[in-house]
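Novice: As input, take work20.csv (CSV, C-alpha atoms):
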```
chain,number,residue,atom,x,y,z
A,1,MET,CA,-22.3,7.1,1.5
A,2,LEU,CA,-24.2,4.6,-0.6
A,3,VAL,CA,-26.5,2.0,1.0
A,4,ALA,CA,-25.6,-0.9,-1.3
A,5,ASP,CA,-24.4,-4.5,-1.4
A,6,ALA,CA,-20.7,-4.8,-2.2
A,7,ARG,CA,-21.6,-7.4,-4.8
A,8,GLN,CA,-23.9,-5.0,-6.7
A,9,LEU,CA,-22.7,-1.5,-6.6
A,10,PRO,CA,-24.6,1.4,-8.2
A,11,LEU,CA,-21.4,2.7,-9.9
A,12,ALA,CA,-20.3,2.9,-13.5
A,13,ASP,CA,-17.6,0.8,-15.0
A,14,ALA,CA,-14.0,1.9,-14.5
A,15,THR,CA,-14.7,4.7,-12.0
A,16,VAL,CA,-12.6,3.7,-9.0
A,17,ASP,CA,-8.8,3.7,-8.7
A,18,LEU,CA,-8.4,1.7,-5.5
A,19,VAL,CA,-10.5,-0.5,-3.3
A,20,VAL,CA,-9.4,-0.4,0.4
A,21,THR,CA,-11.7,-2.4,2.6
A,22,SER,CA,-12.1,-4.8,5.5
A,23,PRO,CA,-15.2,-7.0,5.0
A,24,PRO,CA,-17.0,-8.6,8.0
A,25,TYR,CA,-14.9,-11.6,9.1
A,26,TRP,CA,-16.4,-15.0,8.9
A,27,ARG,CA,-18.7,-15.8,11.8
A,28,LYS,CA,-17.2,-13.0,14.0
A,29,ARG,CA,-20.2,-10.7,14.3
A,30,ASP,CA,-23.9,-10.7,13.2
A,31,TYR,CA,-24.9,-7.1,12.2
A,32,GLY,CA,-28.6,-8.2,11.8
A,33,VAL,CA,-28.8,-7.0,8.2
A,34,THR,CA,-30.5,-9.1,5.6
A,35,GLY,CA,-28.0,-10.4,3.0
A,36,GLN,CA,-24.9,-9.5,5.1
A,37,LEU,CA,-21.6,-11.1,4.3
A,38,GLY,CA,-19.9,-13.1,7.0
A,39,GLN,CA,-22.7,-15.4,8.2
A,40,GLU,CA,-22.1,-18.2,5.6
A,41,ASP,CA,-22.3,-21.7,6.9
A,42,THR,CA,-18.8,-22.7,5.9
A,43,PRO,CA,-15.4,-21.1,5.0
A,44,ALA,CA,-16.0,-22.1,1.4
A,45,GLY,CA,-19.3,-20.3,1.4
A,46,TYR,CA,-17.6,-17.1,2.8
A,47,THR,CA,-14.8,-17.4,0.2
A,48,ALA,CA,-17.3,-17.7,-2.6
A,49,ALA,CA,-19.2,-14.6,-1.4
A,50,LEU,CA,-16.0,-12.6,-1.3
A,51,MET,CA,-15.2,-13.8,-4.8
A,52,ASP,CA,-18.5,-12.3,-5.9
A,53,CYS,CA,-17.4,-9.1,-4.4
A,54,LEU,CA,-14.0,-9.2,-6.2
A,55,THR,CA,-15.8,-9.8,-9.5
A,56,GLU,CA,-17.9,-6.6,-9.0
A,57,TRP,CA,-14.9,-4.6,-7.8
A,58,ARG,CA,-13.0,-5.6,-11.0
A,59,ARG,CA,-15.8,-4.1,-13.0
A,60,VAL,CA,-15.7,-0.7,-11.2
A,61,LEU,CA,-11.8,-0.5,-11.1
A,62,THR,CA,-10.0,1.6,-13.7
A,63,PRO,CA,-7.3,-0.2,-15.8
A,64,THR,CA,-4.6,0.7,-13.3
A,65,GLY,CA,-6.7,0.0,-10.2
A,66,SER,CA,-6.2,-2.6,-7.5
A,67,VAL,CA,-7.6,-4.0,-4.2
A,68,MET,CA,-6.2,-3.8,-0.7
A,69,LEU,CA,-8.2,-6.3,1.2
A,70,ASN,CA,-7.8,-6.7,5.0
A,71,VAL,CA,-9.0,-10.1,6.1
A,72,GLY,CA,-8.6,-12.1,9.3
A,73,ASP,CA,-8.9,-15.8,10.0
A,74,GLY,CA,-11.3,-17.8,12.1
A,75,TYR,CA,-11.8,-21.3,13.5
A,76,TRP,CA,-13.7,-24.2,11.9
A,77,LYS,CA,-14.1,-27.5,13.7
A,78,ARG,CA,-11.4,-26.5,16.2
A,79,ALA,CA,-8.8,-25.7,13.5
A,80,LEU,CA,-7.9,-22.5,11.7
A,81,ALA,CA,-10.2,-22.1,8.8
A,82,GLY,CA,-7.4,-20.7,6.5
A,83,ILE,CA,-9.7,-17.9,5.2
A,84,PRO,CA,-6.9,-15.7,3.8
A,85,GLY,CA,-5.3,-18.7,2.0
A,86,ARG,CA,-8.7,-19.7,0.6
A,87,ILE,CA,-9.2,-16.2,-0.8
A,88,GLU,CA,-5.7,-16.1,-2.3
A,89,ALA,CA,-6.2,-19.3,-4.1
A,90,ALA,CA,-9.7,-18.5,-5.4
A,91,ALA,CA,-8.5,-15.0,-6.5
A,92,ALA,CA,-5.5,-16.5,-8.4
A,93,ASP,CA,-7.9,-18.9,-10.2
A,94,ALA,CA,-10.0,-15.9,-11.2
A,95,GLY,CA,-7.0,-14.1,-12.7
A,96,TRP,CA,-5.9,-11.8,-9.9
A,97,LEU,CA,-2.3,-11.4,-9.0
A,98,LEU,CA,-1.4,-11.5,-5.3
A,99,ARG,CA,1.4,-8.9,-5.3
A,100,ASN,CA,1.8,-8.7,-1.6
A,101,ARG,CA,0.6,-10.5,1.5
A,102,ILE,CA,1.1,-7.7,4.0
A,103,VAL,CA,1.2,-8.8,7.7
A,104,TRP,CA,-0.6,-6.4,10.0
A,105,THR,CA,0.8,-7.0,13.5
A,106,LYS,CA,-0.6,-5.7,16.8
A,107,THR,CA,0.8,-5.5,20.3
A,108,ARG,CA,-2.7,-5.8,21.7
A,109,GLY,CA,-6.0,-7.2,20.7
A,110,ASN,CA,-9.3,-8.4,21.9
A,111,PRO,CA,-9.3,-10.7,25.0
A,112,ASP,CA,-9.2,-14.4,24.0
A,113,PRO,CA,-10.7,-17.1,26.3
A,114,ALA,CA,-8.8,-20.0,24.7
A,115,LYS,CA,-6.6,-22.0,27.0
A,116,ASP,CA,-5.0,-24.3,24.4
A,117,ARG,CA,-3.6,-21.9,21.8
A,118,LEU,CA,-2.1,-18.4,21.5
A,119,ALA,CA,-4.2,-15.3,21.0
A,120,PRO,CA,-3.9,-14.1,17.4
A,121,ARG,CA,-2.0,-10.8,17.0
A,122,TYR,CA,-1.8,-10.4,13.3
A,123,GLU,CA,-4.0,-10.2,10.2
A,124,TYR,CA,-3.3,-9.9,6.4
A,125,VAL,CA,-3.7,-7.2,3.9
A,126,LEU,CA,-3.9,-8.8,0.5
A,127,HIS,CA,-2.9,-6.6,-2.4
A,128,LEU,CA,-4.7,-8.1,-5.4
A,129,THR,CA,-4.0,-6.5,-8.8
A,130,PRO,CA,-4.6,-6.9,-12.5
A,131,ARG,CA,-1.5,-7.2,-14.7
A,132,ARG,CA,-1.0,-3.4,-14.7
A,133,TYR,CA,-1.6,-1.2,-11.7
A,134,HIS,CA,-0.5,2.1,-10.1
A,135,TYR,CA,2.0,1.9,-7.3
A,136,ASP,CA,4.0,4.7,-5.6
A,137,LEU,CA,6.7,2.8,-3.7
A,138,THR,CA,8.9,5.9,-3.7
A,139,GLY,CA,6.3,8.1,-2.0
A,140,TYR,CA,5.6,5.3,0.5
A,141,ALA,CA,9.3,4.8,1.2
A,142,GLU,CA,9.8,8.5,1.8
A,143,GLN,CA,7.3,8.4,4.7
A,144,TYR,CA,7.9,5.0,6.2
A,145,GLY,CA,11.3,3.7,5.1
A,146,ARG,CA,13.6,6.8,5.0
A,147,GLY,CA,13.9,6.2,1.3
A,148,ALA,CA,14.4,2.4,1.4
A,149,ASN,CA,11.7,-0.3,0.8
A,150,PRO,CA,10.1,-0.6,4.3
A,151,GLY,CA,9.0,-4.2,3.8
A,152,ASP,CA,5.7,-6.1,4.1
A,153,VAL,CA,5.1,-6.0,7.9
A,154,TRP,CA,3.0,-3.2,9.3
A,155,ALA,CA,3.0,-2.7,13.1
A,156,ILE,CA,-0.2,-0.8,13.8
A,157,ASP,CA,-2.4,-1.2,16.9
A,158,PRO,CA,-6.2,-1.3,16.5
A,159,GLU,CA,-8.1,1.9,17.3
A,160,ARG,CA,-10.5,2.2,20.2
A,161,GLY,CA,-13.5,3.8,18.6
A,162,LEU,CA,-16.1,5.6,20.7
A,163,HIS,CA,-18.9,5.0,18.2
A,164,SER,CA,-21.4,2.2,18.2
A,165,HIS,CA,-19.9,0.4,15.2
A,166,LEU,CA,-16.8,-1.6,16.3
A,167,ALA,CA,-14.0,-0.8,13.9
A,168,PRO,CA,-10.5,-2.1,14.8
A,169,PHE,CA,-9.5,-1.4,11.2
A,170,PRO,CA,-7.2,1.6,11.8
A,171,VAL,CA,-7.0,4.8,9.8
A,172,GLU,CA,-3.2,4.4,9.6
A,173,LEU,CA,-3.6,1.1,7.8
A,174,ALA,CA,-5.9,2.7,5.2
A,175,ARG,CA,-3.6,5.6,4.9
A,176,ARG,CA,-0.7,3.3,3.9
A,177,ALA,CA,-2.8,1.5,1.4
A,178,VAL,CA,-3.9,4.8,-0.2
A,179,ILE,CA,-0.3,6.2,-0.4
A,180,LEU,CA,0.9,3.0,-2.1
A,181,ALA,CA,-1.8,2.4,-4.6
A,182,CYS,CA,-4.1,5.3,-5.2
A,183,PRO,CA,-2.9,7.9,-7.7
A,184,ARG,CA,-2.8,11.6,-6.8
A,185,THR,CA,-4.4,12.7,-10.1
A,186,VAL,CA,-6.0,11.1,-13.1
A,187,CYS,CA,-6.7,12.8,-16.5
A,188,THR,CA,-10.4,13.0,-17.1
A,189,GLN,CA,-9.9,12.9,-20.9
A,190,CYS,CA,-7.4,10.1,-21.5
A,191,GLY,CA,-7.1,8.4,-18.1
A,192,HIS,CA,-3.4,9.2,-17.7
A,193,VAL,CA,-2.3,8.5,-14.1
A,194,ALA,CA,0.3,10.9,-12.8
A,195,GLN,CA,3.6,9.1,-12.1
A,196,ARG,CA,6.4,10.3,-9.9
A,197,ILE,CA,9.5,11.4,-11.7
A,198,THR,CA,12.6,10.5,-9.6
A,199,ALA,CA,16.3,10.6,-9.7
A,200,PRO,CA,18.9,9.1,-7.4
A,201,SER,CA,20.0,11.3,-4.5
A,202,GLY,CA,23.2,11.6,-2.5
A,203,GLU,CA,21.2,12.7,0.5
A,204,LEU,CA,21.3,9.6,2.8
A,205,ASP,CA,19.5,9.0,6.0
A,206,PRO,CA,21.3,11.0,8.7
A,207,ALA,CA,19.8,8.9,11.4
A,208,ARG,CA,22.1,6.0,10.4
A,209,PRO,CA,25.6,6.5,11.7
A,210,GLN,CA,27.2,4.8,8.6
A,211,ALA,CA,25.2,7.1,6.2
A,212,ARG,CA,26.1,10.2,8.3
A,213,ARG,CA,29.8,9.3,8.1
A,214,ALA,CA,29.6,8.6,4.4
A,215,MET,CA,28.1,12.0,3.7
A,216,GLN,CA,30.7,13.7,5.9
A,217,LEU,CA,33.6,12.1,4.0
A,218,ALA,CA,32.0,13.0,0.7
A,219,THR,CA,31.6,16.6,1.7
A,220,GLU,CA,35.1,16.9,3.1
A,221,ALA,CA,36.6,15.4,-0.1
A,222,GLY,CA,34.4,17.6,-2.3
A,223,LEU,CA,32.9,14.7,-4.2
A,224,THR,CA,30.5,15.8,-6.9
A,225,GLU,CA,27.2,14.3,-8.1
A,226,ALA,CA,29.2,12.8,-10.9
A,227,HIS,CA,31.3,10.9,-8.4
A,228,LEU,CA,28.2,9.6,-6.7
A,229,ALA,CA,26.6,8.6,-10.0
A,230,ALA,CA,29.7,6.7,-10.9
A,231,ILE,CA,29.5,4.8,-7.6
A,232,ARG,CA,25.9,3.9,-8.4
A,233,ALA,CA,26.9,2.9,-12.0
A,234,THR,CA,29.6,0.6,-11.0
A,235,GLY,CA,28.0,-0.8,-7.9
A,236,ILE,CA,29.8,-3.0,-5.4
A,237,SER,CA,31.2,-5.3,-8.1
A,238,ASP,CA,31.1,-3.1,-11.2
A,239,ALA,CA,27.9,-4.9,-12.3
A,240,GLY,CA,24.2,-4.6,-12.1
A,241,LYS,CA,23.5,-0.9,-12.3
A,242,ALA,CA,26.5,-0.4,-14.5
A,243,LEU,CA,24.5,-1.7,-17.4
A,244,HIS,CA,22.8,1.7,-17.5
A,245,VAL,CA,26.1,3.7,-18.0
A,246,GLN,CA,28.0,1.3,-20.2
A,247,THR,CA,29.6,2.0,-23.6
A,248,GLY,CA,31.3,0.0,-26.3
A,249,THR,CA,32.1,-3.6,-25.3
A,250,GLY,CA,29.8,-3.6,-22.2
A,251,ARG,CA,32.3,-2.1,-19.8
A,252,ASN,CA,31.9,1.2,-18.0
A,253,SER,CA,33.4,4.2,-19.8
A,254,ALA,CA,36.9,5.2,-18.7
A,255,GLU,CA,35.6,8.4,-17.1
A,256,VAL,CA,33.0,6.6,-15.1
A,257,GLN,CA,35.6,4.1,-13.9
A,258,ARG,CA,38.0,7.0,-13.0
A,259,LEU,CA,35.3,8.9,-11.0
A,260,ALA,CA,34.2,5.7,-9.2
A,261,ALA,CA,37.8,4.9,-8.2
A,262,GLU,CA,38.4,8.4,-6.9
A,263,ALA,CA,35.2,8.3,-4.8
A,264,LYS,CA,35.9,4.8,-3.4
A,265,ALA,CA,39.4,5.7,-2.4
A,266,VAL,CA,38.1,8.6,-0.4
A,267,LEU,CA,35.1,6.8,1.1
A,268,GLY,CA,36.7,3.4,1.8
A,269,GLY,CA,34.0,0.9,2.8
A,270,TYR,CA,31.5,3.7,3.2
A,271,PHE,CA,31.1,4.0,-0.6
A,272,ARG,CA,28.5,1.2,-0.2
A,273,GLU,CA,26.1,3.7,1.4
A,274,PHE,CA,25.9,5.6,-1.9
A,275,THR,CA,25.5,2.5,-4.1
A,276,TYR,CA,21.8,2.3,-3.5
A,277,GLY,CA,21.1,5.9,-2.5
A,278,PRO,CA,17.5,7.0,-2.0
A,279,LYS,CA,15.5,8.7,-4.8
A,280,ARG,CA,14.3,12.2,-4.8
A,281,THR,CA,11.1,13.5,-6.5
A,282,LEU,CA,11.6,15.9,-9.4
A,283,GLY,CA,8.0,16.2,-10.4
A,284,TRP,CA,5.1,14.3,-12.0
A,285,THR,CA,4.3,13.1,-15.4
A,286,ASP,CA,1.6,15.1,-17.3
A,287,CYS,CA,-0.3,14.2,-20.4
A,288,GLY,CA,-0.9,17.8,-21.3
A,289,HIS,CA,-4.7,17.8,-21.4
A,290,GLY,CA,-5.0,19.9,-18.2
A,291,GLN,CA,-8.1,18.3,-17.0
A,292,THR,CA,-7.6,16.0,-14.0
A,293,ARG,CA,-9.5,14.6,-11.0
A,294,ALA,CA,-8.1,13.3,-7.7
A,295,GLY,CA,-7.5,9.6,-7.4
A,296,ARG,CA,-10.7,7.8,-6.1
A,297,VAL,CA,-10.9,5.3,-3.3
A,298,LEU,CA,-13.8,2.9,-2.7
A,299,ASP,CA,-14.6,1.1,0.5
A,300,PRO,CA,-17.6,-1.2,-0.2
A,301,PHE,CA,-17.8,-2.2,3.5
A,302,SER,CA,-17.4,1.3,4.7
A,303,GLY,CA,-18.8,0.8,8.2
A,304,SER,CA,-17.7,3.7,10.4
A,305,GLY,CA,-15.9,5.4,7.5
A,306,THR,CA,-12.2,4.6,8.3
A,307,THR,CA,-11.0,4.6,4.7
A,308,GLY,CA,-12.8,7.8,4.0
A,309,LEU,CA,-10.9,9.6,6.8
A,310,ALA,CA,-7.6,8.4,5.2
A,311,ALA,CA,-8.7,9.4,1.7
A,312,ALA,CA,-9.7,12.9,2.8
A,313,GLU,CA,-6.4,13.4,4.7
A,314,LEU,CA,-4.5,12.5,1.6
A,315,GLY,CA,-6.5,14.6,-0.9
A,316,ARG,CA,-8.2,11.7,-2.7
A,317,GLY,CA,-11.8,11.3,-3.6
A,318,TYR,CA,-13.8,8.7,-1.7
A,319,ILE,CA,-16.9,6.5,-2.2
A,320,GLY,CA,-18.2,4.6,0.8
A,321,ALA,CA,-20.8,1.9,0.5
A,322,ASP,CA,-22.4,-0.4,3.1
A,323,LEU,CA,-25.4,-2.7,3.3
A,324,ASP,CA,-26.2,-1.4,6.8
A,325,PRO,CA,-28.0,2.0,6.5
A,326,ARG,CA,-27.0,2.9,10.1
A,327,CYS,CA,-23.4,3.3,9.0
A,328,HIS,CA,-24.1,6.6,7.2
A,329,ALA,CA,-24.8,8.5,10.5
A,330,ILE,CA,-21.9,6.8,12.3
A,331,ALA,CA,-19.4,7.7,9.5
A,332,ALA,CA,-20.7,11.3,9.4
A,333,SER,CA,-20.3,11.6,13.1
A,334,ARG,CA,-16.9,10.1,13.2
A,335,ALA,CA,-15.7,12.4,10.4
A,336,LYS,CA,-16.4,15.4,12.8
A,337,GLN,CA,-14.1,14.0,15.5
A,338,PRO,CA,-10.5,14.6,14.4
A,339,ALA,CA,-9.1,12.8,17.5
A,340,LEU,CA,-10.5,9.5,16.3
A,341,ALA,CA,-8.7,9.9,13.0
A,342,ALA,CA,-5.2,10.5,14.5
```
What would you get if you wrote out this structure as structure tokens?
Specialist:
Amino acid sequence: MLVADARQLPLADATVDLVVTSPPYWRKRDYGVTGQLGQEDTPAGYTAALMDCLTEWRRVLTPTGSVMLNVGDGYWKRALAGIPGRIEAAAADAGWLLRNRIVWTKTRGNPDPAKDRLAPRYEYVLHLTPRRYHYDLTGYAEQYGRGANPGDVWAIDPERGLHSHLAPFPVELARRAVILACPRTVCTQCGHVAQRITAPSGELDPARPQARRAMQLATEAGLTEAHLAAIRATGISDAGKALHVQTGTGRNSAEVQRLAAEAKAVLGGYFREFTYGPKRTLGWTDCGHGQTRAGRVLDPFSGSGTTGLAAAELGRGYIGADLDPRCHAIAASRAKQPALAA
């Protein structure tokens, strides 16, 4: 782990594929470290400090890199300070794209003494990107959505760490971010990022009764992959995806129409289950150079090393940095305790 300020990292340009981090929240905790972030006098000052961080992170990110930033809100003069919104606006002005505002919900949290408002039970994970960035939605959907887009709400409870550095930022949250936005491999010669090669699949989610019945009917009728492809081509209203299998005057070929009609007659209303069937992975793109490295994750506020645990589990490289030199021993100790990473 590096002992370094997140605004001045001792890293070369374009060496990091993804930043996953949870910086100190504004006015929540004083770590007693000179130059620490989070003790600014105003929300505007805190936002400006985080923008300095984002400027530095952009320097160390590869051309397909992005940032997953977990940030909570606070109170300023008895009103919510609007910290996440301030960061979003400032980042947009600086040229970042806010691709997702992921809502991290919790069923439990720290005790709150307030008597005139509800205790907060959610935070945001802001996915900030350049124009072009790596994203593996298919891989994420396979694990968390049974093949479908799982959406932007993550229900994950904070972890109860046994170490001295309080870290409610859970390994599971970092794990999801890494699966989504850190490549498996990158070519060390040309920078090619391995992309998943996929194809539609007729294997639906057997946990859903409608999908299970659709697959049963298709099997009993002996429907082929060509029948299922025809359903996907014509869609529900013979539009949309049909554009990929059209000939001549913009209408589906007669053979595609015939196969789709046969399949829909057998399946009835269940044909809709196959219209947007999940994708299966066939392989990965390869530039041919044969020299690759694992995707690399950076946490510039590494604290107790949460992001590092997720990166190691998923076979990615990891760089941790923190201004507090005490974090090195804490992170090393935590990495030796598998139960805390579960």
Novice: Would you give me, as a Markdown table, each residue of region 34-91 of chain A having an atom within 12 Å of an atom of region 165-188 of chain A, along with its shortest atom pair and that distance in Å to one decimal, using only C-alpha atoms and sorting by chain and residue number?
Specialist:
```
| residue | atom | partner | partner_atom | distance |
| --- | --- | --- | --- | --- |
| A:Leu61 | CA | A:Cys182 | CA | 11.3 |
| A:Thr62 | CA | A:Val186 | CA | 10.3 |
| A:Pro63 | CA | A:Val186 | CA | 11.7 |
| A:Thr64 | CA | A:Pro183 | CA | 9.3 |
| A:Gly65 | CA | A:Cys182 | CA | 7.7 |
| A:Ser66 | CA | A:Ala181 | CA | 7.3 |
| A:Val67 | CA | A:Ala181 | CA | 8.6 |
| A:Met68 | CA | A:Ala177 | CA | 6.6 |
| A:Leu69 | CA | A:Ala177 | CA | 9.5 |
| A:Asn70 | CA | A:Phe169 | CA | 8.3 |
| A:Val71 | CA | A:Phe169 | CA | 10.1 |
| A:Gly72 | CA | A:Phe169 | CA | 10.9 |
```
Novice: Kindly save the residues from that selection, with C-alpha atoms included, as a compact mmCIF listing (two decimals), in the frame of the given file.
Specialist:
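Below is the file that was written, out_2.txt:
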```txt
# COMPACT_ATOMS: atom_id res chain seq x y z
CA LEU A 61 -11.80 -0.50 -11.10
CA THR A 62 -10.00 1.60 -13.70
CA PRO A 63 -7.30 -0.20 -15.80
CA THR A 64 -4.60 0.70 -13.30
CA GLY A 65 -6.70 0.00 -10.20
CA SER A 66 -6.20 -2.60 -7.50
CA VAL A 67 -7.60 -4.00 -4.20
CA MET A 68 -6.20 -3.80 -0.70
CA LEU A 69 -8.20 -6.30 1.20
CA ASN A 70 -7.80 -6.70 5.00
CA VAL A 71 -9.00 -10.10 6.10
CA GLY A 72 -8.60 -12.10 9.30
```
Novice: Between CA of Arg213 (chain A) and CA of Lys279 (chain A), measure the distance and give it in Å to one decimal.
Specialist: 19.3 Å
Novice: How many Å lie between CA of Gly74 (chain A) and CA of Pro300 (chain A), rounded to one decimal?
Specialist: 21.6 Å
Novice: Which neighbours of region 267-272 of chain A fall inside 10 Å, counting all atoms listed in the file, when residues of the same chain fewer than 2 positions from it are skipped, and could you give them as a PyMOL selection string?
Specialist: chain A and resi 210-218+221+223+228+231-232+235-236+260-265+274-277
Novice: Restricting the calculation to all atoms listed in the file, which member of A:Trp104, A:Tyr140, A:Trp284, A:Tyr124 is positioned closest to Ile156 (chain A)?
Specialist: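 Result for the nearest residue to Ile156 (chain A): A:Trp104.
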Novice: Every residue with an atom at most 6 Å from (-16.0, -9.7, 7.1) (file coordinates; all atoms listed in the file) is what I'm after, so could you write them as a PyMOL selection string?
Specialist: chain A and resi 23-26+38
Novice: Kindly extract all protein, DNA and RNA residues lying within 7 Å of the coordinates (-14.7, -18.7, 4.9) given in the file, considering only C-alpha atoms, and supply them as a list in words.
Specialist: Trp26, Thr42, Pro43, Ala44, Gly45, Tyr46, Thr47, Ala81 and Ile83 of chain A
Novice: May I ask for the distance between CA of Gln36 (chain A) and CA of Thr15 (chain A), given in Å to one decimal place?
Specialist: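 CA of Gln36 (chain A) sits 24.5 Å away from CA of Thr15 (chain A).
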Novice: Find the residue from A:Arg326, A:Arg296, A:Arg208, A:Arg7 that sits nearest to Trp57 (chain A); use all atoms listed in the file when measuring.
Specialist: A:Arg7
Novice: Quick one: of A:Ala49, A:Ala194, A:Val3, A:Leu80, who's nearest to Pro120 (chain A), counting all atoms listed in the file?
Specialist: A:Leu80
Novice: Neighbours of region 146-153 of chain A within 8 Å (only C-alpha atoms; same-chain residues fewer than 5 positions away dropped), as a PyMOL selection string?
Specialist: chain A and resi 100-105+137-138+141+205+278-279
Novice: Which is closer to His192 (chain A) than all the others in A:Met51, A:Ile330, A:Ala233, A:Ala294, using all atoms listed in the file?
Specialist: A:Ala294
Novice: Hey, which of A:Ala229, A:Val193, A:Leu298, A:Val256 ends up closest to Asp286 (chain A)? Count only C-alpha atoms.
Specialist: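 Among A:Ala229, A:Val193, A:Leu298, A:Val256, it is A:Val193 that comes nearest to Asp286 (chain A).
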Novice: Counting only C-alpha atoms, which of A:Arg334, A:Arg280, A:Arg58, A:Arg258 gets nearest to His227 (chain A)?
Specialist: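 Checking each candidate against His227 (chain A), we get A:Arg258 as the closest.
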